[in-house]
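Enquirer: I'm passing along upload_37.cif; it holds mmCIF, C-alpha atoms and all ligand atoms.
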data_structure
loop_
_atom_site.label_atom_id
_atom_site.label_comp_id
_atom_site.auth_asym_id
_atom_site.auth_seq_id
_atom_site.Cartn_x
_atom_site.Cartn_y
_atom_site.Cartn_z
CA MET A 72 26.86 -1.08 44.40
CA VAL A 73 27.92 -4.69 44.12
CA TYR A 74 30.49 -5.49 41.46
CA GLU A 75 29.36 -8.38 39.32
CA ALA A 76 31.20 -10.57 36.85
CA SER A 77 30.50 -9.14 33.40
CA SER A 78 29.61 -11.44 30.51
CA LYS A 79 32.57 -9.96 28.58
CA SER A 80 35.01 -11.07 31.22
CA GLU A 81 33.66 -14.61 31.30
CA ALA A 82 35.13 -15.04 27.84
CA LEU A 83 38.61 -14.15 29.12
CA THR A 84 41.04 -16.98 29.37
CA ASN A 85 44.30 -17.15 31.25
CA VAL A 86 43.48 -14.28 33.59
CA PRO A 87 46.49 -13.18 35.66
CA ARG A 88 46.19 -13.96 39.33
CA HIS A 89 48.03 -10.80 40.37
CA VAL A 90 48.05 -7.50 38.46
CA ALA A 91 50.27 -4.61 39.57
CA ILE A 92 49.75 -1.10 38.18
CA ILE A 93 52.00 1.96 38.06
CA MET A 94 49.31 4.61 37.83
CA ASP A 95 51.16 7.37 35.97
CA GLY A 96 50.11 10.43 34.00
CA ASN A 97 47.78 12.36 36.32
CA GLY A 98 49.84 15.55 36.09
CA ARG A 99 49.97 15.49 32.29
CA TRP A 100 46.26 14.77 32.09
CA ALA A 101 45.63 17.91 34.15
CA ARG A 102 48.12 20.01 32.19
CA ASN A 103 46.44 19.03 28.92
CA ARG A 104 43.27 20.56 30.33
CA ASN A 105 44.92 23.64 31.87
CA LYS A 106 44.04 22.36 35.30
CA PRO A 107 46.21 22.16 38.43
CA ARG A 108 48.02 18.84 39.00
CA ARG A 109 45.79 18.06 41.96
CA ALA A 110 42.82 17.93 39.56
CA GLY A 111 44.67 15.16 37.73
CA HIS A 112 45.17 13.23 40.96
CA ARG A 113 41.50 13.66 41.79
CA ALA A 114 40.56 12.30 38.36
CA GLY A 115 42.97 9.44 39.02
CA VAL A 116 40.93 8.32 42.03
CA LYS A 117 38.03 7.56 39.65
CA SER A 118 40.30 5.28 37.67
CA VAL A 119 41.34 3.55 40.88
CA ARG A 120 37.69 2.85 41.64
CA ALA A 121 37.09 1.60 38.09
CA SER A 122 40.18 -0.61 38.09
CA VAL A 123 39.17 -2.25 41.37
CA GLU A 124 35.69 -2.90 40.07
CA MET A 125 37.05 -4.35 36.83
CA ALA A 126 39.56 -6.53 38.67
CA VAL A 127 36.72 -8.05 40.70
CA GLN A 128 34.62 -8.58 37.58
CA LYS A 129 37.46 -10.23 35.72
CA GLY A 130 38.26 -12.66 38.51
CA ILE A 131 41.69 -11.21 39.32
CA LYS A 132 42.62 -12.26 42.84
CA TYR A 133 45.29 -9.64 43.70
CA LEU A 134 45.54 -6.04 42.55
CA THR A 135 48.49 -3.92 43.67
CA LEU A 136 48.49 -0.19 42.97
CA PHE A 137 51.48 2.17 43.16
CA ALA A 138 50.03 5.36 44.62
CA PHE A 139 53.06 7.24 45.98
CA SER A 140 56.75 6.39 45.73
CA SER A 141 59.61 7.06 48.15
CA GLU A 142 60.85 9.53 45.54
CA ASN A 143 57.50 11.35 45.29
CA TRP A 144 58.31 13.03 48.64
CA SER A 145 60.58 15.28 46.57
CA ARG A 146 57.63 16.89 44.76
CA PRO A 147 56.51 20.43 45.67
CA LYS A 148 55.11 20.60 49.20
CA GLU A 149 51.63 21.63 48.03
CA GLU A 150 51.39 18.63 45.70
CA VAL A 151 52.50 16.20 48.42
CA SER A 152 50.02 17.59 50.92
CA SER A 153 47.17 17.58 48.40
CA LEU A 154 47.96 13.93 47.64
CA MET A 155 47.93 13.03 51.34
CA SER A 156 44.55 14.78 51.78
CA LEU A 157 43.23 12.98 48.74
CA PHE A 158 44.29 9.60 50.14
CA ILE A 159 42.44 10.35 53.39
CA GLU A 160 39.35 11.51 51.51
CA ALA A 161 39.38 8.51 49.17
CA LEU A 162 39.61 6.12 52.09
CA ARG A 163 36.79 7.87 53.87
CA ARG A 164 34.56 7.64 50.80
CA GLU A 165 35.46 4.24 49.37
CA VAL A 166 35.99 1.82 52.22
CA ASP A 167 32.31 1.03 52.78
CA GLU A 168 31.85 0.03 49.18
CA LEU A 169 35.06 -1.98 49.12
CA HIS A 170 33.90 -3.78 52.24
CA ARG A 171 30.48 -4.50 50.72
CA ASN A 172 32.29 -6.06 47.77
CA ASN A 173 34.34 -8.35 50.00
CA VAL A 174 37.59 -6.56 49.09
CA ARG A 175 40.47 -6.90 51.51
CA LEU A 176 42.52 -3.73 51.67
CA LYS A 177 46.18 -3.64 52.60
CA PHE A 178 48.80 -0.88 52.53
CA VAL A 179 52.51 -1.33 52.04
CA GLY A 180 55.41 1.12 52.23
CA ALA A 181 57.14 3.23 54.86
CA LEU A 182 53.81 4.01 56.49
CA GLY A 183 55.56 5.51 59.52
CA GLU A 184 56.49 8.47 57.28
CA LEU A 185 52.83 9.36 56.74
CA ASN A 186 50.92 11.82 58.90
CA SER A 187 49.00 10.35 61.81
CA GLY A 188 45.57 11.15 60.30
CA LEU A 189 46.32 9.08 57.23
CA ARG A 190 47.94 6.32 59.28
CA ASP A 191 44.81 6.05 61.42
CA ARG A 192 42.56 5.82 58.36
CA ILE A 193 44.81 3.16 56.90
CA ARG A 194 44.74 1.12 60.09
CA GLN A 195 40.95 1.40 60.36
CA SER A 196 40.36 0.41 56.75
CA GLU A 197 42.72 -2.57 57.02
CA LEU A 198 41.03 -3.76 60.19
CA ARG A 199 37.55 -3.27 58.76
CA THR A 200 38.28 -5.35 55.66
CA ALA A 201 40.69 -7.88 57.19
CA GLY A 202 38.18 -10.74 57.17
CA ASN A 203 37.18 -10.30 53.52
CA THR A 204 37.92 -13.09 51.10
CA GLY A 205 37.46 -11.47 47.68
CA LEU A 206 39.95 -9.28 45.82
CA CYS A 207 43.10 -8.53 47.79
CA LEU A 208 43.79 -4.86 47.05
CA THR A 209 47.25 -3.66 48.05
CA VAL A 210 48.10 0.03 47.85
CA ALA A 211 51.77 1.04 47.88
CA ILE A 212 52.28 4.42 49.57
CA ALA A 213 55.66 5.91 50.47
CA TYR A 214 56.94 2.71 48.89
CA GLY A 215 60.23 2.08 47.13
CA GLY A 216 61.53 -1.24 45.87
CA ARG A 217 65.02 -0.50 47.19
CA TRP A 218 63.65 0.47 50.60
CA ASP A 219 61.70 -2.82 50.65
CA ILE A 220 64.84 -4.83 49.91
CA VAL A 221 66.88 -2.93 52.50
CA GLU A 222 64.19 -3.60 55.14
CA ALA A 223 64.15 -7.30 54.27
CA SER A 224 67.95 -7.34 54.54
CA LYS A 225 67.77 -5.83 58.03
CA ARG A 226 65.39 -8.61 59.05
CA VAL A 227 67.71 -11.42 57.98
CA ALA A 228 70.72 -9.58 59.42
CA GLN A 229 68.92 -9.30 62.76
CA LYS A 230 68.05 -13.01 62.73
CA VAL A 231 71.70 -13.85 62.09
CA ALA A 232 72.84 -11.46 64.84
CA ASP A 233 70.36 -13.10 67.24
CA GLY A 234 71.67 -16.55 66.37
CA GLN A 235 68.33 -17.67 64.86
CA LEU A 236 69.66 -18.03 61.31
CA ARG A 237 72.93 -19.11 59.72
CA VAL A 238 74.23 -17.04 56.79
CA GLY A 239 74.40 -20.20 54.69
CA ASP A 240 70.69 -20.80 55.23
CA ILE A 241 69.62 -17.48 53.70
CA ASP A 242 67.79 -18.33 50.48
CA ASP A 243 65.07 -16.77 48.29
CA ALA A 244 62.27 -17.92 50.57
CA GLU A 245 63.91 -16.76 53.80
CA PHE A 246 64.80 -13.38 52.30
CA SER A 247 61.50 -12.70 50.58
CA ALA A 248 59.60 -13.48 53.79
CA GLY A 249 60.76 -10.04 54.93
CA LEU A 250 59.43 -8.18 51.90
CA GLN A 251 56.27 -6.10 51.99
CA LEU A 252 54.34 -8.45 49.70
CA SER A 253 55.58 -11.63 51.39
CA SER A 254 52.09 -13.01 51.91
CA ILE A 255 50.91 -12.84 48.30
CA PRO A 256 52.16 -14.33 45.02
CA ASP A 257 54.39 -12.25 42.73
CA PRO A 258 52.64 -10.07 40.13
CA ASP A 259 51.96 -11.89 36.86
CA LEU A 260 51.30 -8.71 34.90
CA LEU A 261 52.61 -5.18 35.39
CA ILE A 262 50.69 -2.36 33.72
CA ARG A 263 52.15 1.13 33.49
CA THR A 264 50.10 4.00 32.10
CA GLY A 265 51.50 7.39 31.09
CA GLY A 266 53.92 6.37 28.34
CA GLU A 267 57.12 5.75 30.32
CA GLN A 268 58.68 2.32 30.04
CA ARG A 269 60.37 2.07 33.41
CA ILE A 270 59.81 0.52 36.82
CA SER A 271 60.45 3.72 38.87
CA ASN A 272 61.51 1.77 41.94
CA PHE A 273 58.29 -0.27 42.21
CA LEU A 274 58.40 -3.94 43.27
CA LEU A 275 62.00 -4.61 42.25
CA TRP A 276 62.18 -8.09 43.72
CA ASN A 277 58.61 -9.25 43.04
CA LEU A 278 58.52 -8.21 39.38
CA ALA A 279 61.34 -10.59 38.46
CA TYR A 280 59.11 -12.64 36.14
CA ALA A 281 56.15 -10.34 35.55
CA GLU A 282 54.94 -9.68 32.02
CA LEU A 283 55.36 -5.95 31.40
CA TRP A 284 52.76 -3.90 29.51
CA PHE A 285 53.02 -0.18 28.84
CA THR A 286 50.50 2.22 27.41
CA ASP A 287 50.58 5.92 26.49
CA VAL A 288 47.10 6.31 27.96
CA LEU A 289 47.21 8.59 31.00
CA TRP A 290 45.95 7.12 34.28
CA PRO A 291 42.73 9.21 34.50
CA GLU A 292 41.76 7.74 31.10
CA PHE A 293 42.27 4.13 32.10
CA ASP A 294 39.13 2.17 31.23
CA GLU A 295 37.87 -1.31 30.43
CA ASN A 296 39.15 -1.28 26.83
CA ILE A 297 42.66 -0.52 28.02
CA PHE A 298 42.46 -3.11 30.79
CA ASN A 299 41.26 -5.69 28.28
CA GLU A 300 44.15 -4.83 25.95
CA ALA A 301 46.59 -5.51 28.75
CA LEU A 302 44.83 -8.77 29.65
CA SER A 303 44.85 -9.97 26.01
CA PHE A 304 48.56 -9.21 25.82
CA TYR A 305 49.04 -11.30 28.95
CA ALA A 306 46.83 -14.13 27.69
CA GLY A 307 49.04 -14.44 24.59
CA LYS A 308 52.27 -14.89 26.55
CA GLN A 309 53.99 -18.17 27.19
CA ARG A 310 55.61 -17.88 30.59
CA ARG A 311 58.76 -19.97 30.60
CA PHE A 312 60.54 -19.00 33.84
CA GLY A 313 63.83 -20.05 32.28
CA HIS A 314 62.58 -23.33 30.77
CA THR A 315 62.38 -23.94 27.03
CA GLY A 316 59.13 -23.54 25.15
CA ASP A 317 59.07 -27.31 24.47
CA GLN A 318 59.31 -28.08 28.18
CA ILE A 319 56.38 -25.80 28.92
CA GLU A 320 54.25 -27.29 26.13
CA ALA A 321 54.98 -30.81 27.37
CA VAL A 322 53.62 -29.86 30.80
CA GLU A 323 50.58 -28.11 29.28
CA CYS A 324 49.50 -31.17 27.24
C1 LIG B 1 51.09 9.58 38.96
O1 LIG B 1 50.90 10.67 38.14
C2 LIG B 1 50.65 9.83 40.38
C3 LIG B 1 51.75 9.94 41.35
C4 LIG B 1 53.00 9.73 41.09
C5 LIG B 1 51.40 10.30 42.70
P1 LIG B 1 51.98 11.82 38.03
O2 LIG B 1 51.69 12.85 39.05
O3 LIG B 1 53.36 11.28 38.07
O4 LIG B 1 51.67 12.38 36.59
P2 LIG B 1 52.71 12.88 35.50
O5 LIG B 1 53.68 11.77 35.27
O6 LIG B 1 53.36 14.09 36.06
O7 LIG B 1 51.87 13.16 34.30
C1 LIG B 2 55.79 6.40 39.54
O1 LIG B 2 55.46 7.55 38.86
C2 LIG B 2 55.21 6.41 40.92
C3 LIG B 2 53.77 6.28 40.99
C4 LIG B 2 52.94 6.09 40.00
C5 LIG B 2 53.23 6.35 42.32
P1 LIG B 2 56.47 8.78 38.80
O2 LIG B 2 55.82 9.83 37.98
O3 LIG B 2 56.90 9.19 40.15
O4 LIG B 2 57.72 8.16 38.04
P2 LIG B 2 58.93 8.85 37.28
O5 LIG B 2 59.47 9.91 38.19
O6 LIG B 2 58.39 9.43 36.02
O7 LIG B 2 59.89 7.74 37.01
MG MG B 3 54.64 10.63 36.64
#
Turn this file's structure into structure tokens for me.

Expert:
Amino acid sequence: MVYEASSKSEALTNVPRHVAIIMDGNGRWARNRNKPRRAGHRAGVKSVRASVEMAVQKGIKYLTLFAFSSENWSRPKEEVSSLMSLFIEALRREVDELHRNNVRLKFVGALGELNSGLRDRIRQSELRTAGNTGLCLTVAIAYGGRWDIVEASKRVAQKVADGQLRVGDIDDAEFSAGLQLSSIPDPDLLIRTGGEQRISNFLLWNLAYAELWFTDVLWPEFDENIFNEALSFYAGKQRRFGHTGDQIEAVEC
């Protein structure tokens, strides 16, 4: 299937360039149906597919999905291993279609902590889609915002130790070059499903100026209406980045 721009989305104005999503609520979705948590995660994969398709249709350039946090390693062993199997299965089933739709797939996080089967799949899918020029889909696995910042700190510390960088020359740009999302713009809009209004150690640095939108809808129920609600919320925001509203309006005119 080839994802096409829908007529509905053509009417959208002020579409965010980069949308990041904390996909939460799979477990509760399953519990509400007396199903095991893994059934919720499986249902969540369908929402991933739908959200990617919608992002392409709406002309969003970057979509970043939080799939597994550094802290999620603390879940029961069976849940962690069923998630890892699901990631492998989803990659096996979805990469062809992503590739056909010109999607470029990238993974961020402490990928060295993953099992070698999943790491291989990740590497293959990144290589396969590396030349694509459409949606840039980033999946955060074994990712934590604090871990990301610590890793970036090690990079600048090493450069200083090697005499390649002076402490006084460390600035935002130099530091953020070592972050996992260094090659793409910061998220404009963060969506979190599942009712919680927290960041849960997602992109701590990169979300500095994101518009934040929360919904009680559980991730397996995420659909176009919900996505459109988030996008309308975003379209109504004046992003000031510390300036006054008058300054922004003067530039807009
Ligand atoms: C999000 O859903 C998926 C992952 C964190 C892997 P949850 O599994 O956190 O679902 P709830 O929050 O328990 O409902
Ligand atoms: C955040 O969800 C992580 C992902 C969606 C991958 P959690 O369910 O782990 O977050 P908390 O524990 O409720 O903050
Ligand atoms: Mg949760």

Enquirer: Distance limit 6 Å, reference ligand LIG 2 (chain B), atoms considered: all atoms listed in the file. Which residues make the cut? Give them as JSON, numbers by chain.

Expert: {"A": [93, 94, 95, 137, 138, 139, 140, 143, 271]}

Enquirer: Could you tell me, counting only C-alpha atoms and all ligand atoms, which protein and nucleic acid residues lie no more than 9 Å from ligand LIG 1 (chain B), written as JSON, numbers by chain?

Expert: {"A": [93, 94, 95, 96, 97, 98, 99, 100, 101, 102, 108, 109, 111, 112, 115, 137, 138, 139, 140, 143, 150, 151, 154, 264, 265, 266, 267, 289, 290]}

Enquirer: May I ask for the distance between CA of Leu162 in chain A and CA of Ile193 in chain A, given in Å to one decimal place?

Expert: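 CA of Ile193 in chain A lies at a distance of 7.7 Å from CA of Leu162 in chain A.
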
Enquirer: Of the residues A:Lys148, A:His89, A:Arg310, A:Arg120, which is the one nearest to Leu252 in chain A, using all atoms listed in the file?

Expert: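 The shortest atom-to-atom distance to Leu252 in chain A comes from A:His89.
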
Enquirer: Using only C-alpha atoms, find the one residue out of A:Leu136, A:Ala244, A:Leu261, A:Leu176 that sits nearest to Thr204 in chain A.

Expert: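 For Thr204 in chain A, the nearest of the candidates is A:Leu176.
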
Enquirer: Which residue is closest to ligand MG 3 (chain B)? Choose from A:Asp287, A:Asp240, A:Asp259, A:Asp219 and count only C-alpha atoms and all ligand atoms.

Expert: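 The shortest atom-to-atom distance to ligand MG 3 (chain B) comes from A:Asp287.
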
Enquirer: Output requested as a PDB file, in the coordinates of the input - range 91-102 of chain A, filled out with all heavy atoms.

Expert:
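Contents of the output file result-v1.pdb:
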ATOM      1  N   ALA A  91      49.710  -5.790  38.887  1.00  0.00           N
ATOM      2  CA  ALA A  91      50.270  -4.610  39.570  1.00  0.00           C
ATOM      3  C   ALA A  91      50.206  -3.445  38.581  1.00  0.00           C
ATOM      4  O   ALA A  91      50.432  -3.637  37.378  1.00  0.00           O
ATOM      5  CB  ALA A  91      51.703  -4.873  39.995  1.00  0.00           C
ATOM      6  N   ILE A  92      49.887  -2.256  39.093  1.00  0.00           N
ATOM      7  CA  ILE A  92      49.750  -1.100  38.180  1.00  0.00           C
ATOM      8  C   ILE A  92      50.545   0.099  38.697  1.00  0.00           C
ATOM      9  O   ILE A  92      50.418   0.494  39.864  1.00  0.00           O
ATOM     10  CB  ILE A  92      48.269  -0.670  38.006  1.00  0.00           C
ATOM     11  CG1 ILE A  92      47.388  -1.868  37.603  1.00  0.00           C
ATOM     12  CG2 ILE A  92      48.166   0.435  36.963  1.00  0.00           C
ATOM     13  CD1 ILE A  92      45.915  -1.499  37.337  1.00  0.00           C
ATOM     14  N   ILE A  93      51.361   0.666  37.795  1.00  0.00           N
ATOM     15  CA  ILE A  93      52.000   1.960  38.060  1.00  0.00           C
ATOM     16  C   ILE A  93      51.080   3.002  37.432  1.00  0.00           C
ATOM     17  O   ILE A  93      50.991   3.118  36.205  1.00  0.00           O
ATOM     18  CB  ILE A  93      53.427   2.029  37.467  1.00  0.00           C
ATOM     19  CG1 ILE A  93      54.316   0.923  38.060  1.00  0.00           C
ATOM     20  CG2 ILE A  93      54.033   3.413  37.719  1.00  0.00           C
ATOM     21  CD1 ILE A  93      55.739   0.860  37.482  1.00  0.00           C
ATOM     22  N   MET A  94      50.371   3.704  38.290  1.00  0.00           N
ATOM     23  CA  MET A  94      49.310   4.610  37.830  1.00  0.00           C
ATOM     24  C   MET A  94      49.941   5.970  37.516  1.00  0.00           C
ATOM     25  O   MET A  94      50.008   6.838  38.378  1.00  0.00           O
ATOM     26  CB  MET A  94      48.268   4.763  38.940  1.00  0.00           C
ATOM     27  CG  MET A  94      47.795   3.437  39.525  1.00  0.00           C
ATOM     28  SD  MET A  94      46.524   3.654  40.795  1.00  0.00           S
ATOM     29  CE  MET A  94      47.430   4.371  42.155  1.00  0.00           C
ATOM     30  N   ASP A  95      50.402   6.152  36.296  1.00  0.00           N
ATOM     31  CA  ASP A  95      51.160   7.370  35.970  1.00  0.00           C
ATOM     32  C   ASP A  95      50.419   8.222  34.940  1.00  0.00           C
ATOM     33  O   ASP A  95      49.695   7.687  34.094  1.00  0.00           O
ATOM     34  CB  ASP A  95      52.550   6.973  35.441  1.00  0.00           C
ATOM     35  CG  ASP A  95      53.516   8.144  35.457  1.00  0.00           C
ATOM     36  OD1 ASP A  95      53.278   9.114  36.213  1.00  0.00           O
ATOM     37  OD2 ASP A  95      54.522   8.095  34.713  1.00  0.00           O
ATOM     38  N   GLY A  96      50.636   9.531  35.024  1.00  0.00           N
ATOM     39  CA  GLY A  96      50.110  10.430  34.000  1.00  0.00           C
ATOM     40  C   GLY A  96      49.040  11.403  34.489  1.00  0.00           C
ATOM     41  O   GLY A  96      48.470  12.150  33.685  1.00  0.00           O
ATOM     42  N   ASN A  97      48.797  11.437  35.800  1.00  0.00           N
ATOM     43  CA  ASN A  97      47.780  12.360  36.320  1.00  0.00           C
ATOM     44  C   ASN A  97      48.128  13.822  36.044  1.00  0.00           C
ATOM     45  O   ASN A  97      47.272  14.621  35.672  1.00  0.00           O
ATOM     46  CB  ASN A  97      47.640  12.217  37.847  1.00  0.00           C
ATOM     47  CG  ASN A  97      47.108  10.865  38.257  1.00  0.00           C
ATOM     48  OD1 ASN A  97      46.640  10.104  37.426  1.00  0.00           O
ATOM     49  ND2 ASN A  97      47.198  10.564  39.547  1.00  0.00           N
ATOM     50  N   GLY A  98      49.395  14.161  36.249  1.00  0.00           N
ATOM     51  CA  GLY A  98      49.840  15.550  36.090  1.00  0.00           C
ATOM     52  C   GLY A  98      49.677  16.000  34.640  1.00  0.00           C
ATOM     53  O   GLY A  98      49.180  17.104  34.366  1.00  0.00           O
ATOM     54  N   ARG A  99      50.085  15.125  33.709  1.00  0.00           N
ATOM     55  CA  ARG A  99      49.970  15.490  32.290  1.00  0.00           C
ATOM     56  C   ARG A  99      48.506  15.577  31.858  1.00  0.00           C
ATOM     57  O   ARG A  99      48.135  16.429  31.067  1.00  0.00           O
ATOM     58  CB  ARG A  99      50.747  14.482  31.421  1.00  0.00           C
ATOM     59  CG  ARG A  99      52.247  14.802  31.404  1.00  0.00           C
ATOM     60  CD  ARG A  99      53.053  13.635  30.930  1.00  0.00           C
ATOM     61  NE  ARG A  99      53.136  12.600  31.966  1.00  0.00           N
ATOM     62  CZ  ARG A  99      53.499  11.354  31.736  1.00  0.00           C
ATOM     63  NH1 ARG A  99      53.779  10.967  30.510  1.00  0.00           N
ATOM     64  NH2 ARG A  99      53.573  10.494  32.727  1.00  0.00           N
ATOM     65  N   TRP A 100      47.693  14.710  32.407  1.00  0.00           N
ATOM     66  CA  TRP A 100      46.260  14.770  32.090  1.00  0.00           C
ATOM     67  C   TRP A 100      45.702  16.136  32.481  1.00  0.00           C
ATOM     68  O   TRP A 100      44.958  16.760  31.730  1.00  0.00           O
ATOM     69  CB  TRP A 100      45.529  13.654  32.855  1.00  0.00           C
ATOM     70  CG  TRP A 100      44.061  13.566  32.601  1.00  0.00           C
ATOM     71  CD1 TRP A 100      43.421  12.822  31.643  1.00  0.00           C
ATOM     72  CD2 TRP A 100      43.022  14.267  33.323  1.00  0.00           C
ATOM     73  NE1 TRP A 100      42.067  13.010  31.726  1.00  0.00           N
ATOM     74  CE2 TRP A 100      41.785  13.886  32.754  1.00  0.00           C
ATOM     75  CE3 TRP A 100      43.020  15.158  34.395  1.00  0.00           C
ATOM     76  CZ2 TRP A 100      40.564  14.366  33.210  1.00  0.00           C
ATOM     77  CZ3 TRP A 100      41.800  15.649  34.862  1.00  0.00           C
ATOM     78  CH2 TRP A 100      40.597  15.247  34.271  1.00  0.00           C
ATOM     79  N   ALA A 101      46.100  16.611  33.667  1.00  0.00           N
ATOM     80  CA  ALA A 101      45.630  17.910  34.150  1.00  0.00           C
ATOM     81  C   ALA A 101      46.205  19.037  33.278  1.00  0.00           C
ATOM     82  O   ALA A 101      45.479  19.949  32.866  1.00  0.00           O
ATOM     83  CB  ALA A 101      46.029  18.101  35.605  1.00  0.00           C
ATOM     84  N   ARG A 102      47.494  18.945  32.981  1.00  0.00           N
ATOM     85  CA  ARG A 102      48.120  20.010  32.190  1.00  0.00           C
ATOM     86  C   ARG A 102      47.444  20.139  30.822  1.00  0.00           C
ATOM     87  O   ARG A 102      47.199  21.239  30.337  1.00  0.00           O
ATOM     88  CB  ARG A 102      49.621  19.734  32.026  1.00  0.00           C
ATOM     89  CG  ARG A 102      50.384  20.987  31.594  1.00  0.00           C
ATOM     90  CD  ARG A 102      51.850  20.713  31.341  1.00  0.00           C
ATOM     91  NE  ARG A 102      52.009  19.572  30.441  1.00  0.00           N
ATOM     92  CZ  ARG A 102      53.066  18.773  30.438  1.00  0.00           C
ATOM     93  NH1 ARG A 102      54.053  18.968  31.281  1.00  0.00           N
ATOM     94  NH2 ARG A 102      53.145  17.775  29.574  1.00  0.00           N
TER      95      ARG A 102
END
